[in-house]
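To keep things clear, I will list the structure first and then write my remarks on it.
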Amino acid sequence: MAYLVLAYPKLSKEDYTWIQEFRKLHDEQYYEVVEPHFTIVFPTFGKSIDDFIKEVEKQSRDFISFDFSIRCAVINKDSFSDDWHVFLTPDQGHSNVVKLHDKLYSDFLLDTLFMELQFVPHIGVANSKDKWKCKKLVDEFNGSNKIVNGRVESIDIVSFEDNKVDHIKKISLV
């Protein structure tokens, strides 16, 4: 079983509906598994859940909630499979997600940080083995002038096993 930290953003009904309709069409891997989110801590193994919770609570204690705006999509090659992904990446709020990610990996979880991959704050909305399909989706979003606004007010500790996400604990940001 893996433990993760996810931030499920508060979105307008319109933005949430648009993201979910888009994911239903293009996110075969995760649409039915997890709600739209930013992954703050990636799947972590070898840590007890009690120690994991304690560390996340300690490191997130002084983080305040923040707004974000997404105006851009990017294509990303999965380093562990033949898949390509479409990520919605925040303009405003980008540094907040990065700083929260870095803080959570600063001590107890540091040995689980996979340094070979650059952290890209994102909400995943599509995936395919066809890179050109993903490129087309990115170009369509970036040509649409669509803006997704939201707010991160909490983070969630979850478990992931057998393609199922289970909620363990919600931590409110100040």
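Letters for chains follow the order of the structure tokens (A, B, ...), residue numbers begin at 1 for each chain, and ligand numbers begin at 1 in the order shown.
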Give the strand (DSSP E or B) residues of range 36-130 of chain A, as DSSP finds them on the backbone, and put them as a PDB file with N, CA, C and O atoms, in the first residue's frame.
ATOM      1  N   PHE A  38      -4.209  18.090  -7.128  1.00  0.00           N
ATOM      2  CA  PHE A  38      -2.768  18.276  -7.234  1.00  0.00           C
ATOM      3  C   PHE A  38      -2.132  17.195  -6.360  1.00  0.00           C
ATOM      4  O   PHE A  38      -2.524  17.040  -5.202  1.00  0.00           O
ATOM      5  N   THR A  39      -1.169  16.458  -6.883  1.00  0.00           N
ATOM      6  CA  THR A  39      -0.428  15.518  -6.056  1.00  0.00           C
ATOM      7  C   THR A  39       0.710  16.285  -5.401  1.00  0.00           C
ATOM      8  O   THR A  39       1.536  16.885  -6.087  1.00  0.00           O
ATOM      9  N   ILE A  40       0.746  16.267  -4.085  1.00  0.00           N
ATOM     10  CA  ILE A  40       1.772  16.987  -3.334  1.00  0.00           C
ATOM     11  C   ILE A  40       2.891  16.024  -2.919  1.00  0.00           C
ATOM     12  O   ILE A  40       4.070  16.337  -3.051  1.00  0.00           O
ATOM     13  N   VAL A  41       2.521  14.854  -2.405  1.00  0.00           N
ATOM     14  CA  VAL A  41       3.480  13.785  -2.104  1.00  0.00           C
ATOM     15  C   VAL A  41       3.057  12.572  -2.916  1.00  0.00           C
ATOM     16  O   VAL A  41       1.912  12.120  -2.820  1.00  0.00           O
ATOM     17  N   PHE A  42       3.970  12.058  -3.696  1.00  0.00           N
ATOM     18  CA  PHE A  42       3.698  10.929  -4.580  1.00  0.00           C
ATOM     19  C   PHE A  42       3.716   9.616  -3.800  1.00  0.00           C
ATOM     20  O   PHE A  42       4.115   9.590  -2.632  1.00  0.00           O
ATOM     21  N   PRO A  43       3.274   8.520  -4.422  1.00  0.00           N
ATOM     22  CA  PRO A  43       3.181   7.254  -3.695  1.00  0.00           C
ATOM     23  C   PRO A  43       4.440   6.957  -2.878  1.00  0.00           C
ATOM     24  O   PRO A  43       5.552   6.947  -3.398  1.00  0.00           O
ATOM     25  N   THR A  44       4.218   6.758  -1.584  1.00  0.00           N
ATOM     26  CA  THR A  44       5.291   6.548  -0.624  1.00  0.00           C
ATOM     27  C   THR A  44       5.116   5.182   0.019  1.00  0.00           C
ATOM     28  O   THR A  44       4.019   4.850   0.481  1.00  0.00           O
ATOM     29  N   PHE A  66      -4.505  28.984  -0.446  1.00  0.00           N
ATOM     30  CA  PHE A  66      -4.131  29.883  -1.542  1.00  0.00           C
ATOM     31  C   PHE A  66      -5.017  29.664  -2.758  1.00  0.00           C
ATOM     32  O   PHE A  66      -5.579  28.587  -2.960  1.00  0.00           O
ATOM     33  N   ASP A  67      -5.129  30.739  -3.535  1.00  0.00           N
ATOM     34  CA  ASP A  67      -5.847  30.697  -4.807  1.00  0.00           C
ATOM     35  C   ASP A  67      -4.887  30.280  -5.915  1.00  0.00           C
ATOM     36  O   ASP A  67      -3.679  30.462  -5.802  1.00  0.00           O
ATOM     37  N   PHE A  68      -5.463  29.746  -6.982  1.00  0.00           N
ATOM     38  CA  PHE A  68      -4.660  29.442  -8.156  1.00  0.00           C
ATOM     39  C   PHE A  68      -5.482  29.736  -9.410  1.00  0.00           C
ATOM     40  O   PHE A  68      -6.713  29.765  -9.373  1.00  0.00           O
ATOM     41  N   SER A  69      -4.768  29.962 -10.501  1.00  0.00           N
ATOM     42  CA  SER A  69      -5.378  30.113 -11.825  1.00  0.00           C
ATOM     43  C   SER A  69      -4.574  29.276 -12.805  1.00  0.00           C
ATOM     44  O   SER A  69      -3.346  29.321 -12.805  1.00  0.00           O
ATOM     45  N   ILE A  70      -5.302  28.538 -13.614  1.00  0.00           N
ATOM     46  CA  ILE A  70      -4.683  27.704 -14.652  1.00  0.00           C
ATOM     47  C   ILE A  70      -5.077  28.268 -16.009  1.00  0.00           C
ATOM     48  O   ILE A  70      -6.258  28.402 -16.309  1.00  0.00           O
ATOM     49  N   ARG A  71      -4.064  28.583 -16.792  1.00  0.00           N
ATOM     50  CA  ARG A  71      -4.278  29.113 -18.141  1.00  0.00           C
ATOM     51  C   ARG A  71      -3.542  28.297 -19.193  1.00  0.00           C
ATOM     52  O   ARG A  71      -3.508  28.663 -20.354  1.00  0.00           O
ATOM     53  N   CYS A  72      -2.900  27.206 -18.743  1.00  0.00           N
ATOM     54  CA  CYS A  72      -1.991  26.490 -19.636  1.00  0.00           C
ATOM     55  C   CYS A  72      -2.063  24.984 -19.395  1.00  0.00           C
ATOM     56  O   CYS A  72      -2.181  24.530 -18.252  1.00  0.00           O
ATOM     57  N   ALA A  73      -1.972  24.230 -20.469  1.00  0.00           N
ATOM     58  CA  ALA A  73      -1.832  22.774 -20.401  1.00  0.00           C
ATOM     59  C   ALA A  73      -0.471  22.410 -20.989  1.00  0.00           C
ATOM     60  O   ALA A  73       0.039  23.110 -21.875  1.00  0.00           O
ATOM     61  N   VAL A  74       0.122  21.342 -20.472  1.00  0.00           N
ATOM     62  CA  VAL A  74       1.404  20.854 -20.988  1.00  0.00           C
ATOM     63  C   VAL A  74       1.302  19.350 -21.185  1.00  0.00           C
ATOM     64  O   VAL A  74       0.500  18.668 -20.560  1.00  0.00           O
ATOM     65  N   ILE A  75       2.149  18.847 -22.066  1.00  0.00           N
ATOM     66  CA  ILE A  75       2.241  17.410 -22.303  1.00  0.00           C
ATOM     67  C   ILE A  75       3.405  16.880 -21.478  1.00  0.00           C
ATOM     68  O   ILE A  75       4.417  17.558 -21.309  1.00  0.00           O
ATOM     69  N   ASN A  76       3.222  15.669 -20.949  1.00  0.00           N
ATOM     70  CA  ASN A  76       4.247  15.080 -20.097  1.00  0.00           C
ATOM     71  C   ASN A  76       4.390  13.602 -20.440  1.00  0.00           C
ATOM     72  O   ASN A  76       3.397  12.880 -20.490  1.00  0.00           O
ATOM     73  N   LYS A  77       5.622  13.158 -20.647  1.00  0.00           N
ATOM     74  CA  LYS A  77       5.905  11.744 -20.904  1.00  0.00           C
ATOM     75  C   LYS A  77       6.089  11.040 -19.577  1.00  0.00           C
ATOM     76  O   LYS A  77       6.903  11.451 -18.754  1.00  0.00           O
ATOM     77  N   TRP A  84       1.568   8.997 -22.171  1.00  0.00           N
ATOM     78  CA  TRP A  84       1.716  10.447 -22.224  1.00  0.00           C
ATOM     79  C   TRP A  84       0.547  11.038 -21.452  1.00  0.00           C
ATOM     80  O   TRP A  84      -0.525  10.456 -21.398  1.00  0.00           O
ATOM     81  N   HIS A  85       0.771  12.202 -20.844  1.00  0.00           N
ATOM     82  CA  HIS A  85      -0.263  12.830 -20.019  1.00  0.00           C
ATOM     83  C   HIS A  85      -0.466  14.282 -20.433  1.00  0.00           C
ATOM     84  O   HIS A  85       0.464  14.942 -20.912  1.00  0.00           O
ATOM     85  N   VAL A  86      -1.678  14.771 -20.180  1.00  0.00           N
ATOM     86  CA  VAL A  86      -1.992  16.185 -20.330  1.00  0.00           C
ATOM     87  C   VAL A  86      -2.205  16.729 -18.930  1.00  0.00           C
ATOM     88  O   VAL A  86      -3.038  16.224 -18.167  1.00  0.00           O
ATOM     89  N   PHE A  87      -1.413  17.736 -18.589  1.00  0.00           N
ATOM     90  CA  PHE A  87      -1.467  18.367 -17.273  1.00  0.00           C
ATOM     91  C   PHE A  87      -1.968  19.794 -17.413  1.00  0.00           C
ATOM     92  O   PHE A  87      -1.491  20.538 -18.277  1.00  0.00           O
ATOM     93  N   LEU A  88      -2.891  20.194 -16.552  1.00  0.00           N
ATOM     94  CA  LEU A  88      -3.253  21.601 -16.403  1.00  0.00           C
ATOM     95  C   LEU A  88      -2.325  22.156 -15.328  1.00  0.00           C
ATOM     96  O   LEU A  88      -2.308  21.652 -14.201  1.00  0.00           O
ATOM     97  N   THR A  89      -1.529  23.153 -15.678  1.00  0.00           N
ATOM     98  CA  THR A  89      -0.516  23.674 -14.758  1.00  0.00           C
ATOM     99  C   THR A  89      -0.860  25.104 -14.337  1.00  0.00           C
ATOM    100  O   THR A  89      -1.200  25.938 -15.164  1.00  0.00           O
ATOM    101  N   PRO A  90      -0.774  25.366 -13.044  1.00  0.00           N
ATOM    102  CA  PRO A  90      -1.164  26.699 -12.567  1.00  0.00           C
ATOM    103  C   PRO A  90      -0.126  27.759 -12.889  1.00  0.00           C
ATOM    104  O   PRO A  90       1.074  27.508 -12.828  1.00  0.00           O
ATOM    105  N   ASP A  91      -0.620  28.942 -13.255  1.00  0.00           N
ATOM    106  CA  ASP A  91       0.221  30.133 -13.364  1.00  0.00           C
ATOM    107  C   ASP A  91       0.289  30.722 -11.953  1.00  0.00           C
ATOM    108  O   ASP A  91       1.280  30.592 -11.257  1.00  0.00           O
ATOM    109  N   GLN A  92      -0.809  31.308 -11.545  1.00  0.00           N
ATOM    110  CA  GLN A  92      -0.933  31.803 -10.174  1.00  0.00           C
ATOM    111  C   GLN A  92      -1.069  30.594  -9.252  1.00  0.00           C
ATOM    112  O   GLN A  92      -1.795  29.647  -9.546  1.00  0.00           O
ATOM    113  N   ILE A 123      -2.898  19.390 -12.444  1.00  0.00           N
ATOM    114  CA  ILE A 123      -4.093  18.554 -12.361  1.00  0.00           C
ATOM    115  C   ILE A 123      -4.092  17.734 -13.640  1.00  0.00           C
ATOM    116  O   ILE A 123      -4.151  18.291 -14.747  1.00  0.00           O
ATOM    117  N   GLY A 124      -3.982  16.425 -13.505  1.00  0.00           N
ATOM    118  CA  GLY A 124      -3.981  15.555 -14.678  1.00  0.00           C
ATOM    119  C   GLY A 124      -5.375  15.430 -15.255  1.00  0.00           C
ATOM    120  O   GLY A 124      -6.328  15.182 -14.516  1.00  0.00           O
ATOM    121  N   VAL A 125      -5.495  15.584 -16.586  1.00  0.00           N
ATOM    122  CA  VAL A 125      -6.817  15.528 -17.206  1.00  0.00           C
ATOM    123  C   VAL A 125      -6.916  14.560 -18.379  1.00  0.00           C
ATOM    124  O   VAL A 125      -8.012  14.289 -18.861  1.00  0.00           O
ATOM    125  N   ALA A 126      -5.775  14.031 -18.841  1.00  0.00           N
ATOM    126  CA  ALA A 126      -5.828  13.103 -19.981  1.00  0.00           C
ATOM    127  C   ALA A 126      -4.570  12.259 -20.003  1.00  0.00           C
ATOM    128  O   ALA A 126      -3.523  12.662 -19.496  1.00  0.00           O
ATOM    129  N   ASN A 127      -4.691  11.092 -20.636  1.00  0.00           N
ATOM    130  CA  ASN A 127      -3.539  10.237 -20.858  1.00  0.00           C
ATOM    131  C   ASN A 127      -3.789   9.352 -22.072  1.00  0.00           C
ATOM    132  O   ASN A 127      -4.932   9.067 -22.418  1.00  0.00           O
ATOM    133  N   SER A 128      -2.686   8.967 -22.706  1.00  0.00           N
ATOM    134  CA  SER A 128      -2.779   8.132 -23.904  1.00  0.00           C
ATOM    135  C   SER A 128      -1.385   7.609 -24.234  1.00  0.00           C
ATOM    136  O   SER A 128      -0.384   8.220 -23.870  1.00  0.00           O
TER     137      SER A 128
END
Give the alpha helix (DSSP H) residues of range 26-172 of chain A, as assigned by DSSP on the backbone, as a PyMOL selection string.
chain A and resi 26+49-60+94-104+131-142
Kindly give the distance, in Å, that separates CA of Phe80 in chain A and CA of Asn142 in chain A, rounded to a single decimal.
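That distance, rounded to one decimal, is 26.3 Å.
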Distance criterion (only C-alpha atoms): nearest to Lys146 in chain A out of A:Ile19, A:Leu100, A:Leu6, A:Val56
A:Ile19
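Considering the residues A:Ser79, A:Leu137, A:Ser48, A:Ser95 and counting only C-alpha atoms, Gln118 in chain A has its shortest atom-to-atom contact with A:Ser79.
Interatomic distance, CA of Asn149 in chain A to CA of Arg23 in chain A: 17.2 Å.
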